[in-house]
Amino acid sequence: MPDPAPTLISLRNVALSYRRQKSLFSREKTRIWALQDVSFEVREGEKLGLIGRNGCGKSTLMRILAKIFAPDRGTVTYSRPLHVQLLSLGVGFEGSLSGRENAVLNGLLLGKNRRHIVSRLDKIKDFSELGEFFDLPVSTYSSGMNMRLGFSVAMETEPEVLLIDEIFGVGDAGFSQKSKKALQEKFSSKGTVVMVSHHAALVREFCERVVWIEKGRTVMEGPTAEVMEHYADSSRRESGLGAVS
């Protein structure tokens with residue numbers, strides 16, 4: 001077997017909690033652990049899937065990988081400075097700036113020079129299909145328009161690590177199909193992609209390796225077919241359907 005690709009990001013025993021007020025009339029806060037013990041690696045050039053039931057901590061984990069959140073416990077190690085971009089419905093842009101201005105700012109934050117990103121603005125506008133809204137404040141956008149802009153920027157700025165958090169199905173059928181085609185090209189490239197999706201068929205189609213998270217802990221990681229089979233068996237047992245031949 002060929003040697004595995006170099007590790008870009010390594011997570012060891014990562015845990016993160018949120019503090020929530022117990023009630024409207026209480027100042028006391030309770031700690032809720034979104035992640036309790038997660039360990040895995042993201043390798044250079046690989047297409048990695050993150051799976052698990054709702055509330056298991058996948059979106060929190062993506063924000064840790066994107067350096068938006070810092071863990072309470074454990075370590076996240078990057079082999080070198082990386083340009084990481086997260087595509088998620090829960091992550092937006094600066095509302096007072098236009099789509100065009102946000103595209104430039106996003107590119108600069110990813111380490112691109114201004115000339116590079118400005119030269120791609122027409123392509124970003126065309127792909128997003130935002131029309132005149134491209135020059136209006138993002139605060140006027142719907143969630144679908146926000147995602148169109150984020151997706152279009154990511155396709156043109158080419159981050160070293162692209163994180164995709166359950167964005168499929170956003171927008172009309174035409175844009176969804178176009179986005180999937182663009183992602184197929186991205187997944188066939190040498191870039192590193194980490195994807196969260198509840199659509200098993202998409203995970204099987206796009207991902208080489210899968211990490212299964214449950215109740216904030218790593219349950220299993222390995223080749224896609226093997227992990228997806230165990231995950232499907234677990235889901236059937238949970239629903240009381242038993243094994244299916």
# chains A, B, ... in the order shown; residues from 1 in each chain; ligands from 1
>>> residues_around(residues="Lys112 of chain A", least_positions_apart="5", cutoff="12 Å", atoms="only C-alpha atoms", output="PyMOL selection string")
chain A and resi 83+103-107+117-120+153-154+156-160
>>> write_last_selection(atoms="C-alpha atoms", output="PDB file, in the first residue's frame")
ATOM      1  CA  HIS A  83      -5.713  29.101   4.107  1.00  0.00           C
ATOM      2  CA  ALA A 103     -15.670  38.902  -1.921  1.00  0.00           C
ATOM      3  CA  VAL A 104     -12.550  41.096  -1.906  1.00  0.00           C
ATOM      4  CA  LEU A 105     -12.309  40.993   1.910  1.00  0.00           C
ATOM      5  CA  ASN A 106     -12.749  37.219   1.948  1.00  0.00           C
ATOM      6  CA  GLY A 107     -10.012  36.781  -0.625  1.00  0.00           C
ATOM      7  CA  ILE A 117      -9.209  38.639  -6.201  1.00  0.00           C
ATOM      8  CA  VAL A 118     -10.319  41.739  -8.133  1.00  0.00           C
ATOM      9  CA  SER A 119      -9.435  39.989 -11.403  1.00  0.00           C
ATOM     10  CA  ARG A 120     -11.919  37.247 -10.460  1.00  0.00           C
ATOM     11  CA  VAL A 153     -15.959  33.086  -3.697  1.00  0.00           C
ATOM     12  CA  ALA A 154     -14.617  29.709  -2.534  1.00  0.00           C
ATOM     13  CA  GLU A 156     -12.462  31.297  -7.297  1.00  0.00           C
ATOM     14  CA  THR A 157     -10.152  31.925  -4.318  1.00  0.00           C
ATOM     15  CA  GLU A 158      -9.124  28.245  -4.084  1.00  0.00           C
ATOM     16  CA  PRO A 159      -8.415  27.842  -0.338  1.00  0.00           C
ATOM     17  CA  GLU A 160      -5.913  25.147   0.631  1.00  0.00           C
TER      18      GLU A 160
END
>>> residues_around(residues="Phe40 of chain A", least_positions_apart="3", cutoff="7 Å", atoms="only C-alpha atoms", output="list in words")
Ser10, Leu11 and Arg12 of chain A
>>> write_last_selection(atoms="N, CA and C atoms", output="CSV table (one decimal), in the first residue's frame")
chain,number,residue,atom,x,y,z
A,10,SER,N,-4.1,18.0,12.7
A,10,SER,CA,-4.2,16.9,13.7
A,10,SER,C,-5.0,17.3,14.9
A,11,LEU,N,-6.1,16.6,15.2
A,11,LEU,CA,-6.9,16.9,16.4
A,11,LEU,C,-6.7,15.7,17.4
A,12,ARG,N,-6.4,16.1,18.6
A,12,ARG,CA,-6.2,15.1,19.7
A,12,ARG,C,-7.0,15.5,20.9
>>> atom_distance(atom1="atom CA of Gln184 of chain A", atom2="atom CA of Arg209 of chain A")
16.2 Å
>>> atom_distance(atom1="atom CA of Asp3 of chain A", atom2="atom CA of Arg43 of chain A")
11.6 Å
>>> residues_around(residues="Val84 of chain A", least_positions_apart="3", cutoff="12 Å", atoms="only C-alpha atoms", output="JSON, numbers by chain")
{"A": [8, 9, 62, 63, 64, 65, 66, 67, 68, 78, 80, 81, 87, 106, 107, 109, 110, 111, 154, 157, 158, 159, 160, 161, 162, 163, 164, 191, 192, 193, 194]}
>>> write_last_selection(atoms="N, CA and C atoms", output="tab-separated table (two decimals), in the first residue's frame")
chain	number	residue	atom	x	y	z
A	8	LEU	N	-2.08	17.48	7.44
A	8	LEU	CA	-2.18	18.94	7.47
A	8	LEU	C	-2.69	19.43	8.82
A	9	ILE	N	-3.74	18.75	9.34
A	9	ILE	CA	-4.35	19.15	10.60
A	9	ILE	C	-4.51	17.91	11.47
A	62	MET	N	-16.36	21.77	12.63
A	62	MET	CA	-15.95	22.50	11.43
A	62	MET	C	-15.47	23.91	11.78
A	63	ARG	N	-16.09	24.52	12.76
A	63	ARG	CA	-15.67	25.86	13.18
A	63	ARG	C	-14.34	25.84	13.91
A	64	ILE	N	-14.04	24.73	14.56
A	64	ILE	CA	-12.71	24.57	15.17
A	64	ILE	C	-11.66	24.42	14.08
A	65	LEU	N	-11.96	23.61	13.07
A	65	LEU	CA	-11.01	23.44	11.96
A	65	LEU	C	-10.75	24.77	11.24
A	66	ALA	N	-11.80	25.62	11.17
A	66	ALA	CA	-11.68	26.92	10.49
A	66	ALA	C	-11.08	28.00	11.39
A	67	LYS	N	-10.73	27.64	12.63
A	67	LYS	CA	-10.11	28.54	13.61
A	67	LYS	C	-11.08	29.62	14.08
A	68	ILE	N	-12.38	29.37	13.97
A	68	ILE	CA	-13.38	30.30	14.49
A	68	ILE	C	-13.55	30.07	15.99
A	78	TYR	N	-1.68	22.46	13.27
A	78	TYR	CA	-1.58	22.67	11.82
A	78	TYR	C	-0.12	22.51	11.42
A	80	ARG	N	1.48	23.62	9.01
A	80	ARG	CA	2.02	24.89	8.50
A	80	ARG	C	0.86	25.89	8.41
A	81	PRO	N	1.15	27.18	8.20
A	81	PRO	CA	0.05	28.12	8.02
A	81	PRO	C	-0.82	27.73	6.83
A	87	LEU	N	-17.64	26.87	4.29
A	87	LEU	CA	-18.92	27.14	3.64
A	87	LEU	C	-20.01	26.56	4.52
A	106	ASN	N	-12.92	38.65	1.73
A	106	ASN	CA	-12.75	37.22	1.95
A	106	ASN	C	-11.48	36.72	1.28
A	107	GLY	N	-11.22	37.18	0.08
A	107	GLY	CA	-10.01	36.78	-0.62
A	107	GLY	C	-8.75	37.25	0.09
A	109	LEU	N	-8.47	37.80	3.31
A	109	LEU	CA	-8.32	37.00	4.52
A	109	LEU	C	-7.75	35.62	4.22
A	110	LEU	N	-7.95	35.16	3.01
A	110	LEU	CA	-7.39	33.86	2.61
A	110	LEU	C	-5.95	33.99	2.10
A	111	GLY	N	-5.42	35.21	2.17
A	111	GLY	CA	-4.02	35.39	1.80
A	111	GLY	C	-3.78	35.76	0.34
A	154	ALA	N	-15.48	30.86	-2.82
A	154	ALA	CA	-14.62	29.71	-2.53
A	154	ALA	C	-14.11	29.05	-3.81
A	157	THR	N	-11.32	31.60	-5.14
A	157	THR	CA	-10.15	31.93	-4.32
A	157	THR	C	-9.30	30.69	-4.02
A	158	GLU	N	-9.87	29.50	-4.21
A	158	GLU	CA	-9.12	28.24	-4.08
A	158	GLU	C	-8.37	28.14	-2.75
A	159	PRO	N	-9.08	28.04	-1.63
A	159	PRO	CA	-8.41	27.84	-0.34
A	159	PRO	C	-7.68	26.50	-0.31
A	160	GLU	N	-6.67	26.40	0.53
A	160	GLU	CA	-5.91	25.15	0.63
A	160	GLU	C	-6.76	24.04	1.25
A	161	VAL	N	-7.62	24.43	2.19
A	161	VAL	CA	-8.55	23.48	2.80
A	161	VAL	C	-9.95	24.07	2.72
A	162	LEU	N	-10.85	23.37	2.05
A	162	LEU	CA	-12.24	23.82	1.92
A	162	LEU	C	-13.11	22.97	2.83
A	163	LEU	N	-13.85	23.64	3.73
A	163	LEU	CA	-14.75	22.97	4.66
A	163	LEU	C	-16.18	23.22	4.20
A	164	ILE	N	-16.94	22.16	3.97
A	164	ILE	CA	-18.31	22.27	3.45
A	164	ILE	C	-19.27	21.68	4.47
A	191	GLY	N	-6.74	19.61	-4.16
A	191	GLY	CA	-7.07	20.35	-2.94
A	191	GLY	C	-7.62	19.44	-1.85
A	192	THR	N	-7.57	19.93	-0.61
A	192	THR	CA	-8.07	19.19	0.54
A	192	THR	C	-9.49	19.66	0.86
A	193	VAL	N	-10.40	18.72	1.02
A	193	VAL	CA	-11.81	19.05	1.28
A	193	VAL	C	-12.31	18.22	2.46
A	194	VAL	N	-13.00	18.89	3.37
A	194	VAL	CA	-13.69	18.21	4.48
A	194	VAL	C	-15.16	18.55	4.36
>>> closest_atom_pairs(of="segment 41-145 of chain A", to="segment 221-224 of chain A", cutoff="12 Å", atoms="only C-alpha atoms", output="Markdown table")
| residue | atom | partner | partner_atom | distance |
| --- | --- | --- | --- | --- |
| A:Glu41 | CA | A:Glu221 | CA | 9.7 |
| A:Val42 | CA | A:Glu221 | CA | 11.3 |
| A:Glu46 | CA | A:Pro223 | CA | 11.6 |
| A:Lys47 | CA | A:Thr224 | CA | 10.2 |
| A:Leu48 | CA | A:Thr224 | CA | 8.7 |
| A:Gly49 | CA | A:Thr224 | CA | 8.0 |
| A:Leu50 | CA | A:Glu221 | CA | 9.2 |
| A:Ile51 | CA | A:Glu221 | CA | 10.0 |
| A:Gly52 | CA | A:Glu221 | CA | 11.8 |
>>> atom_distance(atom1="atom CA of Ala15 of chain A", atom2="atom CA of Met195 of chain A")
20.0 Å
